file input-v1.pdb (PDB, C-alpha atoms)
ATOM      1  CA  MET A   1     -52.862 -58.800  -6.311
ATOM      2  CA  GLY A   2     -50.292 -58.748  -9.119
ATOM      3  CA  ASN A   3     -48.919 -62.118  -8.062
ATOM      4  CA  LEU A   4     -52.460 -63.486  -8.028
ATOM      5  CA  PHE A   5     -52.895 -62.598 -11.697
ATOM      6  CA  CYS A   6     -49.261 -63.548 -12.530
ATOM      7  CA  CYS A   7     -48.300 -59.909 -13.223
ATOM      8  CA  VAL A   8     -45.466 -57.886 -11.643
ATOM      9  CA  GLN A   9     -44.408 -54.272 -11.983
ATOM     10  CA  VAL A  10     -40.772 -53.180 -12.194
ATOM     11  CA  ASP A  11     -40.124 -49.500 -11.379
ATOM     12  CA  GLN A  12     -37.918 -47.116 -13.348
ATOM     13  CA  SER A  13     -34.148 -47.343 -12.692
ATOM     14  CA  THR A  14     -34.726 -50.794 -11.269
ATOM     15  CA  VAL A  15     -34.463 -54.335 -12.644
ATOM     16  CA  ALA A  16     -36.040 -57.504 -11.302
ATOM     17  CA  ILE A  17     -34.491 -60.963 -11.165
ATOM     18  CA  LYS A  18     -36.720 -63.714 -12.508
ATOM     19  CA  GLU A  19     -36.198 -67.319 -11.452
ATOM     20  CA  ARG A  20     -37.793 -70.512 -12.613
ATOM     21  CA  PHE A  21     -37.940 -73.353 -10.145
ATOM     22  CA  GLY A  22     -35.236 -71.571  -8.105
ATOM     23  CA  LYS A  23     -32.842 -71.065 -11.005
ATOM     24  CA  PHE A  24     -31.974 -67.742 -12.612
ATOM     25  CA  ASP A  25     -34.048 -67.228 -15.721
ATOM     26  CA  ASP A  26     -34.072 -63.591 -16.819
ATOM     27  CA  VAL A  27     -33.585 -59.929 -15.888
ATOM     28  CA  LEU A  28     -36.824 -57.985 -16.099
ATOM     29  CA  GLN A  29     -36.572 -54.375 -17.245
ATOM     30  CA  PRO A  30     -38.855 -51.574 -15.954
ATOM     31  CA  GLY A  31     -42.493 -52.134 -16.833
ATOM     32  CA  CYS A  32     -45.188 -54.814 -16.410
ATOM     33  CA  HIS A  33     -44.306 -58.465 -16.764
ATOM     34  CA  CYS A  34     -46.209 -61.743 -16.605
ATOM     35  CA  LEU A  35     -44.896 -64.403 -14.245
ATOM     36  CA  PRO A  36     -46.883 -67.650 -14.514
ATOM     37  CA  TRP A  37     -46.235 -69.025 -11.069
ATOM     38  CA  ILE A  38     -47.956 -72.245 -11.998
ATOM     39  CA  LEU A  39     -45.025 -72.858 -14.378
ATOM     40  CA  GLY A  40     -42.436 -72.293 -11.620
ATOM     41  CA  SER A  41     -41.691 -68.660 -12.409
ATOM     42  CA  GLN A  42     -41.121 -66.335  -9.489
ATOM     43  CA  LEU A  43     -39.570 -62.967  -8.651
ATOM     44  CA  ALA A  44     -36.282 -63.389  -6.726
ATOM     45  CA  GLY A  45     -35.826 -59.693  -5.959
ATOM     46  CA  HIS A  46     -35.154 -56.202  -7.273
ATOM     47  CA  LEU A  47     -31.849 -54.470  -8.015
ATOM     48  CA  SER A  48     -31.545 -50.680  -8.101
ATOM     49  CA  LEU A  49     -29.562 -49.106 -10.959
ATOM     50  CA  ARG A  50     -29.357 -45.719  -9.251
ATOM     51  CA  VAL A  51     -26.021 -44.252  -8.176
ATOM     52  CA  GLN A  52     -25.480 -44.974  -4.500
ATOM     53  CA  GLN A  53     -22.963 -43.483  -2.095
ATOM     54  CA  LEU A  54     -21.020 -45.160   0.663
ATOM     55  CA  ASP A  55     -18.979 -43.110   3.174
ATOM     56  CA  VAL A  56     -16.079 -45.057   4.647
ATOM     57  CA  ARG A  57     -14.150 -43.779   7.685
ATOM     58  CA  CYS A  58     -10.730 -45.371   8.011
ATOM     59  CA  GLU A  59      -8.209 -44.784  10.816
ATOM     60  CA  THR A  60      -4.581 -45.176   9.856
ATOM     61  CA  LYS A  61      -1.101 -43.822  10.652
ATOM     62  CA  THR A  62       1.119 -41.578   8.558
ATOM     63  CA  LYS A  63       4.830 -41.947   7.954
ATOM     64  CA  ASP A  64       5.599 -39.451  10.743
ATOM     65  CA  ASN A  65       3.524 -41.516  13.227
ATOM     66  CA  VAL A  66       0.396 -39.362  13.308
ATOM     67  CA  PHE A  67      -2.967 -41.135  13.533
ATOM     68  CA  VAL A  68      -5.563 -39.740  11.138
ATOM     69  CA  ASN A  69      -9.145 -40.547  10.209
ATOM     70  CA  VAL A  70      -9.584 -40.555   6.440
ATOM     71  CA  VAL A  71     -13.160 -40.372   5.146
ATOM     72  CA  ALA A  72     -13.651 -41.678   1.599
ATOM     73  CA  SER A  73     -16.908 -41.280  -0.282
ATOM     74  CA  VAL A  74     -17.464 -43.996  -2.924
ATOM     75  CA  GLN A  75     -20.220 -43.525  -5.506
ATOM     76  CA  TYR A  76     -21.210 -46.753  -7.268
ATOM     77  CA  ARG A  77     -24.042 -48.403  -9.183
ATOM     78  CA  ALA A  78     -25.022 -51.803 -10.536
ATOM     79  CA  LEU A  79     -24.619 -52.434 -14.281
ATOM     80  CA  ALA A  80     -27.813 -53.389 -16.076
ATOM     81  CA  ASN A  81     -26.025 -55.814 -18.388
ATOM     82  CA  GLN A  82     -24.471 -57.590 -15.390
ATOM     83  CA  ALA A  83     -27.468 -57.473 -13.095
ATOM     84  CA  SER A  84     -27.365 -61.195 -12.405
ATOM     85  CA  ASP A  85     -23.746 -61.000 -11.218
ATOM     86  CA  ALA A  86     -24.538 -57.998  -8.996
ATOM     87  CA  PHE A  87     -27.547 -59.820  -7.498
ATOM     88  CA  TYR A  88     -26.085 -63.281  -6.958
ATOM     89  CA  LYS A  89     -22.325 -62.872  -6.470
ATOM     90  CA  LEU A  90     -22.381 -60.440  -3.557
ATOM     91  CA  SER A  91     -24.421 -60.677  -0.395
ATOM     92  CA  ASN A  92     -22.961 -57.520   1.242
ATOM     93  CA  THR A  93     -21.954 -54.975  -1.383
ATOM     94  CA  GLU A  94     -21.173 -52.171   1.070
ATOM     95  CA  GLY A  95     -19.014 -54.431   3.230
ATOM     96  CA  GLN A  96     -17.050 -55.547   0.177
ATOM     97  CA  ILE A  97     -16.410 -51.983  -0.999
ATOM     98  CA  GLN A  98     -15.464 -50.915   2.535
ATOM     99  CA  ALA A  99     -12.877 -53.709   2.764
ATOM    100  CA  TYR A 100     -11.166 -52.614  -0.456
ATOM    101  CA  VAL A 101     -11.185 -48.961   0.626
ATOM    102  CA  PHE A 102      -9.566 -49.891   3.951
ATOM    103  CA  ASP A 103      -6.911 -51.899   2.139
ATOM    104  CA  VAL A 104      -5.913 -49.122  -0.261
ATOM    105  CA  ILE A 105      -5.939 -46.280   2.301
ATOM    106  CA  ARG A 106      -3.932 -48.249   4.852
ATOM    107  CA  ALA A 107      -1.420 -49.108   2.131
ATOM    108  CA  SER A 108      -1.086 -45.562   0.756
ATOM    109  CA  VAL A 109      -1.226 -43.202   3.747
ATOM    110  CA  PRO A 110       1.587 -44.824   5.812
ATOM    111  CA  ARG A 111       4.032 -43.958   3.015
ATOM    112  CA  LEU A 112       3.309 -40.218   3.345
ATOM    113  CA  ASN A 113       3.935 -37.577   5.973
ATOM    114  CA  LEU A 114       0.923 -35.762   7.391
ATOM    115  CA  ASP A 115       1.403 -32.654   5.246
ATOM    116  CA  ASP A 116       1.780 -34.799   2.130
ATOM    117  CA  VAL A 117      -1.471 -36.627   2.918
ATOM    118  CA  PHE A 118      -3.342 -33.321   2.623
ATOM    119  CA  LYS A 119      -1.455 -32.385  -0.536
ATOM    120  CA  GLN A 120      -1.929 -35.761  -2.264
ATOM    121  CA  LYS A 121      -5.508 -36.581  -1.301
ATOM    122  CA  ASN A 122      -6.519 -36.607  -4.979
ATOM    123  CA  GLU A 123      -3.854 -39.222  -5.703
ATOM    124  CA  ILE A 124      -5.116 -41.297  -2.761
ATOM    125  CA  ALA A 125      -8.690 -41.033  -4.051
ATOM    126  CA  LYS A 126      -7.546 -42.111  -7.524
ATOM    127  CA  ALA A 127      -5.740 -45.135  -6.100
ATOM    128  CA  VAL A 128      -8.847 -46.133  -4.129
ATOM    129  CA  GLU A 129     -11.070 -45.726  -7.183
ATOM    130  CA  ASP A 130      -8.801 -47.788  -9.441
ATOM    131  CA  GLU A 131      -8.477 -50.624  -6.942
ATOM    132  CA  VAL A 132     -12.176 -50.774  -6.054
ATOM    133  CA  GLU A 133     -13.193 -50.473  -9.720
ATOM    134  CA  LYS A 134     -10.968 -53.387 -10.681
ATOM    135  CA  ALA A 135     -12.368 -55.554  -7.898
ATOM    136  CA  MET A 136     -16.058 -54.657  -8.159
ATOM    137  CA  SER A 137     -16.293 -54.857 -11.961
ATOM    138  CA  THR A 138     -16.210 -58.660 -11.705
ATOM    139  CA  TYR A 139     -19.314 -58.481  -9.495
ATOM    140  CA  GLY A 140     -21.330 -56.295 -11.883
ATOM    141  CA  TYR A 141     -20.726 -52.921 -10.213
ATOM    142  CA  GLU A 142     -19.292 -49.705 -11.604
ATOM    143  CA  ILE A 143     -17.411 -47.173  -9.465
ATOM    144  CA  VAL A 144     -18.608 -43.765 -10.645
ATOM    145  CA  GLN A 145     -16.322 -41.627  -8.500
ATOM    146  CA  THR A 146     -14.284 -41.759  -5.316
ATOM    147  CA  LEU A 147     -13.559 -38.689  -3.169
ATOM    148  CA  ILE A 148     -11.473 -38.124  -0.059
ATOM    149  CA  VAL A 149     -13.867 -35.782   1.715
ATOM    150  CA  ASP A 150     -12.099 -35.416   5.061
ATOM    151  CA  ILE A 151      -8.694 -35.943   6.656
ATOM    152  CA  GLU A 152      -8.888 -35.490  10.396
ATOM    153  CA  PRO A 153      -5.719 -35.817  12.510
ATOM    154  CA  ASP A 154      -5.728 -36.496  16.225
ATOM    155  CA  GLY A 155      -7.030 -33.583  18.304
ATOM    156  CA  HIS A 156      -3.671 -32.870  19.943
ATOM    157  CA  VAL A 157      -1.940 -32.847  16.564
ATOM    158  CA  LYS A 158      -4.571 -30.524  15.123
ATOM    159  CA  ARG A 159      -4.088 -28.035  17.972
ATOM    160  CA  ALA A 160      -0.317 -28.230  17.535
ATOM    161  CA  MET A 161      -0.669 -27.550  13.799
ATOM    162  CA  ASN A 162      -2.895 -24.540  14.502
ATOM    163  CA  GLU A 163      -0.378 -23.197  17.024
ATOM    164  CA  ILE A 164       2.463 -23.634  14.543
ATOM    165  CA  ASN A 165       0.474 -21.820  11.898
ATOM    166  CA  ALA A 166      -0.434 -19.025  14.318
ATOM    167  CA  ALA A 167       3.215 -18.658  15.418
ATOM    168  CA  ALA A 168       4.366 -18.489  11.802
ATOM    169  CA  ARG A 169       1.819 -15.784  11.018
ATOM    170  CA  LEU A 170       2.792 -13.808  14.125
ATOM    171  CA  ARG A 171       6.436 -14.072  13.134
ATOM    172  CA  LEU A 172       5.611 -12.845   9.637
ATOM    173  CA  ALA A 173       3.594  -9.956  11.073
ATOM    174  CA  ALA A 174       6.476  -9.023  13.389
ATOM    175  CA  ASN A 175       8.927  -9.075  10.486
ATOM    176  CA  GLU A 176       6.655  -6.894   8.388
ATOM    177  CA  LYS A 177       6.184  -4.469  11.298
ATOM    178  CA  ALA A 178       9.946  -4.297  11.906
ATOM    179  CA  GLU A 179      10.566  -3.736   8.204
ATOM    180  CA  ALA A 180       7.992  -0.923   8.188
ATOM    181  CA  GLY A 181       9.645   0.642  11.246
ATOM    182  CA  LYS A 182      13.022   0.381   9.546
ATOM    183  CA  ILE A 183      11.703   2.137   6.461
ATOM    184  CA  LEU A 184      10.186   4.905   8.611
ATOM    185  CA  GLN A 185      13.472   5.430  10.444
ATOM    186  CA  ILE A 186      15.399   5.562   7.171
ATOM    187  CA  LYS A 187      12.970   8.051   5.667
ATOM    188  CA  ARG A 188      12.999  10.120   8.856
ATOM    189  CA  ALA A 189      16.823  10.165   8.875
ATOM    190  CA  GLU A 190      16.902  11.107   5.204
ATOM    191  CA  GLY A 191      14.420  13.905   5.910
ATOM    192  CA  GLU A 192      16.466  15.170   8.860
ATOM    193  CA  ALA A 193      19.661  15.035   6.824
ATOM    194  CA  GLU A 194      18.030  16.971   4.003
ATOM    195  CA  SER A 195      16.590  19.467   6.489
ATOM    196  CA  ARG A 196      19.979  20.006   8.149
ATOM    197  CA  TYR A 197      21.639  20.373   4.769
ATOM    198  CA  LEU A 198      19.166  23.043   3.741
ATOM    199  CA  ALA A 199      19.463  24.700   7.146
ATOM    200  CA  GLY A 200      23.235  24.739   6.762
ATOM    201  CA  LEU A 201      22.902  26.367   3.360
ATOM    202  CA  GLY A 202      20.600  28.985   4.888
ATOM    203  CA  ILE A 203      22.973  29.690   7.770
ATOM    204  CA  ALA A 204      25.928  29.962   5.382
ATOM    205  CA  ARG A 205      24.049  32.418   3.185
ATOM    206  CA  GLN A 206      22.928  34.344   6.246
ATOM    207  CA  ARG A 207      26.485  34.635   7.514
ATOM    208  CA  GLN A 208      27.691  35.620   4.059
ATOM    209  CA  ALA A 209      25.070  38.363   3.962
ATOM    210  CA  ILE A 210      26.123  39.560   7.433
ATOM    211  CA  VAL A 211      29.765  39.684   6.376
ATOM    212  CA  ASP A 212      28.865  41.600   3.206
ATOM    213  CA  GLY A 213      26.754  44.022   5.211
ATOM    214  CA  LEU A 214      29.502  44.573   7.785
ATOM    215  CA  ARG A 215      32.017  45.182   5.038
ATOM    216  CA  ASP A 216      29.781  47.745   3.378
ATOM    217  CA  SER A 217      29.074  49.421   6.740
ATOM    218  CA  VAL A 218      32.782  49.666   7.615
ATOM    219  CA  LEU A 219      33.681  51.098   4.237
ATOM    220  CA  GLY A 220      30.803  53.600   4.298
ATOM    221  CA  PHE A 221      31.491  54.735   7.896
ATOM    222  CA  SER A 222      35.227  55.161   7.233
ATOM    223  CA  GLU A 223      34.517  57.314   4.178
ATOM    224  CA  ASN A 224      31.876  59.518   5.873
ATOM    225  CA  VAL A 225      33.623  59.955   9.271
ATOM    226  CA  PRO A 226      37.226  61.125   8.871
ATOM    227  CA  GLY A 227      39.771  59.862  11.362
ATOM    228  CA  THR A 228      38.058  56.565  12.120
ATOM    229  CA  SER A 229      39.743  53.265  11.488
ATOM    230  CA  ALA A 230      38.234  49.931  10.543
ATOM    231  CA  LYS A 231      38.834  48.719  14.084
ATOM    232  CA  ASP A 232      36.727  51.545  15.547
ATOM    233  CA  VAL A 233      33.914  50.772  13.162
ATOM    234  CA  MET A 234      34.015  47.041  13.984
ATOM    235  CA  ASP A 235      33.889  47.838  17.717
ATOM    236  CA  LEU A 236      30.847  50.012  17.138
ATOM    237  CA  VAL A 237      29.120  47.370  15.069
ATOM    238  CA  LEU A 238      29.831  44.623  17.590
ATOM    239  CA  ILE A 239      28.561  46.758  20.486
ATOM    240  CA  THR A 240      25.397  47.534  18.500
ATOM    241  CA  GLN A 241      24.804  43.814  17.879
ATOM    242  CA  TYR A 242      25.488  43.155  21.563
ATOM    243  CA  PHE A 243      22.727  45.538  22.639
ATOM    244  CA  ASP A 244      20.362  44.163  20.003
ATOM    245  CA  THR A 245      20.923  40.683  21.402
ATOM    246  CA  MET A 246      20.273  41.867  24.957
ATOM    247  CA  LYS A 247      17.082  43.520  23.745
ATOM    248  CA  GLU A 248      15.823  40.330  22.088
ATOM    249  CA  ILE A 249      16.568  38.278  25.210
ATOM    250  CA  GLY A 250      14.670  40.723  27.379
ATOM    251  CA  ALA A 251      11.724  40.869  24.974
ATOM    252  CA  ALA A 252      11.256  37.089  24.852
ATOM    253  CA  SER A 253       8.444  35.976  27.184
ATOM    254  CA  LYS A 254       9.953  32.570  28.021
ATOM    255  CA  SER A 255      13.633  33.433  27.946
ATOM    256  CA  SER A 256      15.968  32.246  30.667
ATOM    257  CA  ALA A 257      18.008  34.693  32.769
ATOM    258  CA  VAL A 258      21.418  35.461  31.250
ATOM    259  CA  PHE A 259      24.115  37.141  33.383
ATOM    260  CA  ILE A 260      26.909  38.720  31.360
ATOM    261  CA  PRO A 261      29.163  41.721  31.993
ATOM    262  CA  HIS A 262      27.306  44.868  30.943
ATOM    263  CA  GLY A 263      29.341  47.780  32.348
ATOM    264  CA  PRO A 264      30.978  50.379  30.029
ATOM    265  CA  GLY A 265      34.418  48.870  30.579
ATOM    266  CA  SER A 266      33.127  45.392  29.963
ATOM    267  CA  ILE A 267      31.687  46.336  26.596
ATOM    268  CA  ARG A 268      35.191  46.957  25.246
ATOM    269  CA  ASP A 269      36.246  43.576  26.592
ATOM    270  CA  VAL A 270      33.277  41.910  24.904
ATOM    271  CA  ALA A 271      34.103  43.613  21.636
ATOM    272  CA  SER A 272      37.750  42.580  21.845
ATOM    273  CA  GLN A 273      36.780  39.014  22.724
ATOM    274  CA  ILE A 274      34.361  38.752  19.796
ATOM    275  CA  ARG A 275      36.935  40.289  17.439
ATOM    276  CA  GLU A 276      39.689  37.981  18.632
ATOM    277  CA  GLY A 277      37.385  35.001  18.236
ATOM    278  CA  LEU A 278      36.537  35.956  14.677
ATOM    279  CA  LEU A 279      40.196  36.586  13.815
ATOM    280  CA  HIS A 280      41.203  33.252  15.401
ATOM    281  CA  ALA A 281      38.507  31.405  13.447
ATOM    282  CA  SER A 282      39.640  33.100  10.235
ATOM    283  CA  SER A 283      43.295  32.170  10.857
ATOM    284  CA  VAL A 284      42.372  28.533  11.639
ATOM    285  CA  SER A 285      40.218  28.196   8.525
TER     286      SER A 285
END

call {"tool": "encode", "arguments": {"input": "input-v1.pdb", "output": "structure tokens"}}
result
Amino acid sequence: MGNLFCCVQVDQSTVAIKERFGKFDDVLQPGCHCLPWILGSQLAGHLSLRVQQLDVRCETKTKDNVFVNVVASVQYRALANQASDAFYKLSNTEGQIQAYVFDVIRASVPRLNLDDVFKQKNEIAKAVEDEVEKAMSTYGYEIVQTLIVDIEPDGHVKRAMNEINAAARLRLAANEKAEAGKILQIKRAEGEAESRYLAGLGIARQRQAIVDGLRDSVLGFSENVPGTSAKDVMDLVLITQYFDTMKEIGAASKSSAVFIPHGPGSIRDVASQIREGLLHASSVS
């Protein structure tokens, strides 16, 4: 109906290309325009000024001979002041952009190892954007932004990378566990050493107290019982301790059987043996 009355409507964010007798005449901005078809004016087509996105998947090989699929997302739009160039100079805009993206990716990725491709994806995206921008600007298009949205290695390589990562983490966990065990053993040894040191101090003090008590007992017995010597007192004390020990062994509920001489004549032998042992230890020390 609009063409019948020589009127056309151009939507927002869109421009229309006006021709006269088949030749470019003007770029029509959004709104209502009169096209007198009887004078040879006609509408050649519309051109969107909205930002469009093209996802390009490119397969290439890295420096360490790993095949990867690199997915680049190119956001672009036509320039209003170069609408005629964008409409007439290119018949397949997406195919043109895709060709430039392929060229840059296949020139950049083969110079990098696989790990470096992941690390330098921003640099790759910048190189793609600069190259495509330089080429497409002559055709009336602006490259808004270029992103490397995915880098996908071959399936076997991906599994190998995951296994390497898992092995490295297991090795780290094993090292940490071994280090923790080492620390526990060190602390346990330090605790045992400290415990034995304190136990040794206690035993030494206990023995010192026993010696002091024996000395006081010998001196007191010798003074109160005339005619007794220090040897007689020591024999009496040792025999008393001998019977106390036998009593403690018998009173223990889980004690093992101990067979030692216990006759009257043997007691003197035990006393002499204990005394000789003490005297020998004193002479050695």

call {"tool": "resolve_selection", "arguments": {"input": "input-v1.pdb", "expression": "the PyMOL selection byres ((chain A and resi 120-131) around 7)", "output": "ChimeraX atom specification"}}
result
/A:101,104,108,116-119,132-135,143,145-148

call {"tool": "atom_distance", "arguments": {"input": "input-v1.pdb", "atom1": "CA of Asn92 in chain A", "atom2": "CA of Tyr139 in chain A"}}
result
11.4 Å

call {"tool": "atom_distance", "arguments": {"input": "input-v1.pdb", "atom1": "CA of Ile97 in chain A", "atom2": "CA of Lys18 in chain A"}}
result
26.1 Å

call {"tool": "closest_residue", "arguments": {"input": "input-v1.pdb", "among": "A:Thr14, A:Thr60, A:Leu79, A:Glu152", "to": "Ser48 in chain A", "atoms": "all atoms listed in the file"}}
result
A:Thr14

call {"tool": "atom_distance", "arguments": {"input": "input-v1.pdb", "atom1": "CA of Leu49 in chain A", "atom2": "CA of Ser13 in chain A"}}
result
5.2 Å

call {"tool": "residues_around", "arguments": {"input": "input-v1.pdb", "residues": "Cys34 in chain A", "least_positions_apart": "2", "cutoff": "12 Å", "atoms": "only C-alpha atoms", "output": "ChimeraX atom specification"}}
result
/A:2-10,18,28,31-32,36-39,41-43

call {"tool": "resolve_selection", "arguments": {"input": "input-v1.pdb", "expression": "the PyMOL selection byres ((chain A and resi 73) around 7)", "output": "ChimeraX atom specification"}}
result
/A:53-56,71-72,74-75,146-149

call {"tool": "closest_residue", "arguments": {"input": "input-v1.pdb", "among": "A:Arg106, A:Arg171, A:His46, A:Arg77", "to": "Ile17 in chain A", "atoms": "all atoms listed in the file"}}
result
A:His46

call {"tool": "residues_around", "arguments": {"input": "input-v1.pdb", "residues": "Gln82 in chain A", "least_positions_apart": "3", "cutoff": "12 Å", "atoms": "only C-alpha atoms", "output": "number ranges by chain"}}
result
A: 15, 17, 26-27, 47, 49, 77-79, 85-89, 136-142

call {"tool": "residues_near_point", "arguments": {"input": "input-v1.pdb", "point": "(-5.9, -37.4, 9.5)", "cutoff": "10 Å", "atoms": "all atoms listed in the file", "output": "PyMOL selection string"}}
result
chain A and resi 58-62+66-71+109+114-115+117-118+150-155+157-158

call {"tool": "axis_aligned_box", "arguments": {"input": "input-v1.pdb", "around": "range 149-159 of chain A", "padding_each_side": "6 Å", "output": "JSON"}}
result
{"center_x": -7.9, "center_y": -32.3, "center_z": 10.8, "size_x": 23.9, "size_y": 20.5, "size_z": 30.2}

call {"tool": "closest_residue", "arguments": {"input": "input-v1.pdb", "among": "A:Leu219, A:Ala189, A:Ala209, A:Ala16", "to": "His33 in chain A", "atoms": "only C-alpha atoms"}}
result
A:Ala16
